[in-house]
file structure_25.pdb (PDB, C-alpha atoms)
MODEL        1
ATOM      1  CA  MET A 596      -4.455  16.196  20.076  1.00  0.00           C
ATOM      2  CA  CYS A 597      -1.311  15.055  21.846  1.00  0.00           C
ATOM      3  CA  LEU A 598      -0.006  11.495  21.659  1.00  0.00           C
ATOM      4  CA  ALA A 599       1.819   9.929  24.585  1.00  0.00           C
ATOM      5  CA  ILE A 600       4.784   7.691  23.810  1.00  0.00           C
ATOM      6  CA  PRO A 601       5.843   5.342  26.622  1.00  0.00           C
ATOM      7  CA  GLY A 602       9.124   6.139  28.321  1.00  0.00           C
ATOM      8  CA  LYS A 603      11.364   4.290  30.765  1.00  0.00           C
ATOM      9  CA  VAL A 604      12.257   5.848  34.122  1.00  0.00           C
ATOM     10  CA  LYS A 605      16.051   6.242  34.367  1.00  0.00           C
ATOM     11  CA  GLN A 606      16.522   8.545  37.394  1.00  0.00           C
ATOM     12  CA  ILE A 607      14.363   9.953  40.158  1.00  0.00           C
ATOM     13  CA  ASN A 608      15.230  13.131  42.041  1.00  0.00           C
ATOM     14  CA  GLY A 609      12.283  14.091  44.219  1.00  0.00           C
ATOM     15  CA  ARG A 610       9.429  14.941  41.853  1.00  0.00           C
ATOM     16  CA  GLN A 611      11.774  15.300  38.874  1.00  0.00           C
ATOM     17  CA  VAL A 612      12.121  12.123  36.828  1.00  0.00           C
ATOM     18  CA  LEU A 613      14.443  11.461  33.892  1.00  0.00           C
ATOM     19  CA  VAL A 614      12.538   9.461  31.282  1.00  0.00           C
ATOM     20  CA  GLU A 615      14.199   7.671  28.354  1.00  0.00           C
ATOM     21  CA  TYR A 616      12.377   7.486  25.016  1.00  0.00           C
ATOM     22  CA  PRO A 617      13.553   5.620  21.907  1.00  0.00           C
ATOM     23  CA  MET A 618      15.177   8.781  20.481  1.00  0.00           C
ATOM     24  CA  GLU A 619      15.790  11.061  23.489  1.00  0.00           C
ATOM     25  CA  GLU A 620      15.649  11.626  27.252  1.00  0.00           C
ATOM     26  CA  ARG A 621      13.538  14.243  29.031  1.00  0.00           C
ATOM     27  CA  THR A 622      13.129  15.437  32.585  1.00  0.00           C
ATOM     28  CA  VAL A 623       9.463  15.407  33.620  1.00  0.00           C
ATOM     29  CA  LEU A 624       7.477  15.863  36.818  1.00  0.00           C
ATOM     30  CA  ASN A 625       5.900  13.009  38.736  1.00  0.00           C
ATOM     31  CA  GLY A 626       2.220  13.505  39.450  1.00  0.00           C
ATOM     32  CA  ASP A 627       0.709  11.050  41.915  1.00  0.00           C
ATOM     33  CA  GLU A 628       2.173   7.850  40.449  1.00  0.00           C
ATOM     34  CA  VAL A 629       4.477   5.675  42.531  1.00  0.00           C
ATOM     35  CA  VAL A 630       7.341   4.955  40.138  1.00  0.00           C
ATOM     36  CA  GLN A 631      10.709   3.268  40.396  1.00  0.00           C
ATOM     37  CA  ILE A 632      13.738   3.199  38.129  1.00  0.00           C
ATOM     38  CA  GLY A 633      12.983   0.820  35.260  1.00  0.00           C
ATOM     39  CA  ASP A 634       9.218   1.449  35.235  1.00  0.00           C
ATOM     40  CA  PHE A 635       7.509   2.429  31.990  1.00  0.00           C
ATOM     41  CA  VAL A 636       5.286   5.497  32.061  1.00  0.00           C
ATOM     42  CA  LEU A 637       3.100   7.731  29.924  1.00  0.00           C
ATOM     43  CA  VAL A 638       3.755  11.470  30.127  1.00  0.00           C
ATOM     44  CA  GLN A 639       1.377  14.259  29.120  1.00  0.00           C
ATOM     45  CA  MET A 640       2.459  17.911  29.095  1.00  0.00           C
ATOM     46  CA  GLY A 641       5.600  17.061  31.052  1.00  0.00           C
ATOM     47  CA  ILE A 642       3.835  15.169  33.860  1.00  0.00           C
ATOM     48  CA  ILE A 643       3.738  11.404  34.441  1.00  0.00           C
ATOM     49  CA  ILE A 644       0.092  10.379  34.236  1.00  0.00           C
ATOM     50  CA  LYS A 645       0.237   6.586  34.239  1.00  0.00           C
ATOM     51  CA  LYS A 646       2.531   3.624  34.799  1.00  0.00           C
ATOM     52  CA  ILE A 647       2.154   0.910  32.138  1.00  0.00           C
ATOM     53  CA  PRO A 648       3.333  -2.702  31.759  1.00  0.00           C
ATOM     54  CA  GLU A 649       6.694  -3.241  30.032  1.00  0.00           C
ATOM     55  CA  ALA A 650       5.136  -5.447  27.322  1.00  0.00           C
ATOM     56  CA  GLU A 651       2.665  -2.702  26.392  1.00  0.00           C
ATOM     57  CA  ALA A 652       5.440  -0.088  26.246  1.00  0.00           C
ATOM     58  CA  LYS A 653       7.682  -2.237  24.045  1.00  0.00           C
ATOM     59  CA  LYS A 654       4.798  -2.993  21.685  1.00  0.00           C
ATOM     60  CA  SER A 655       4.169   0.745  21.333  1.00  0.00           C
ATOM     61  CA  TRP A 656       7.907   1.452  20.776  1.00  0.00           C
ATOM     62  CA  SER A 657       7.946  -1.161  18.014  1.00  0.00           C
ATOM     63  CA  ALA A 658       4.985   0.475  16.274  1.00  0.00           C
ATOM     64  CA  TRP A 659       6.603   3.946  16.494  1.00  0.00           C
ATOM     65  CA  LYS A 660       9.869   2.616  15.050  1.00  0.00           C
ATOM     66  CA  LYS A 661       7.994   1.208  12.047  1.00  0.00           C
ATOM     67  CA  LEU A 662       6.464   4.649  11.390  1.00  0.00           C
ATOM     68  CA  SER A 663       9.757   6.525  11.532  1.00  0.00           C
TER      69      SER A 663
ENDMDL
END

call {"tool": "encode", "arguments": {"input": "structure_25.pdb", "output": "structure tokens"}}
result
Amino acid sequence: MCLAIPGKVKQINGRQVLVEYPMEERTVLNGDEVVQIGDFVLVQMGIIIKKIPEAEAKKSWSAWKKLS
């Protein structure tokens, strides 16, 4: 099983998107989601699968920080 941690879109270059996580940044591919800089997204296997509300992302980040 793979868990998806929300990330924040920092840069967009065509289909390549730089996503910021609490501990790192990664370049991923955009699937069919319409995203803008500042949006929060879920990524699976290096592909954006869903845009999520900021409040939901921050709640998840808080839970992950408590575990680490």

call {"tool": "resolve_selection", "arguments": {"input": "structure_25.pdb", "expression": "the PyMOL selection byres ((chain A and resi 644) around 10)", "output": "ChimeraX atom specification"}}
result
/A:599,624-628,636-643,645-647

call {"tool": "residues_around", "arguments": {"input": "structure_25.pdb", "residues": "Gln606 of chain A", "least_positions_apart": "5", "cutoff": "10 Å", "atoms": "all atoms listed in the file", "output": "NGL selection string"}}
result
:A and (611-615 or 622 or 631-633)

call {"tool": "closest_residue", "arguments": {"input": "structure_25.pdb", "among": "A:Lys654, A:Glu649, A:Val623, A:Phe635", "to": "Lys603 of chain A", "atoms": "only C-alpha atoms"}}
result
A:Phe635

call {"tool": "atom_distance", "arguments": {"input": "structure_25.pdb", "atom1": "atom CA of Ile607 of chain A", "atom2": "atom CA of Glu619 of chain A"}}
result
16.8 Å

call {"tool": "atom_distance", "arguments": {"input": "structure_25.pdb", "atom1": "atom CA of Gly609 of chain A", "atom2": "atom CA of Pro648 of chain A"}}
result
22.7 Å

call {"tool": "atom_distance", "arguments": {"input": "structure_25.pdb", "atom1": "atom CA of Arg621 of chain A", "atom2": "atom CA of Gly602 of chain A"}}
result
9.3 Å

call {"tool": "closest_residue", "arguments": {"input": "structure_25.pdb", "among": "A:Val629, A:Glu651, A:Ser657, A:Glu620", "to": "Lys605 of chain A", "atoms": "all atoms listed in the file"}}
result
A:Glu620
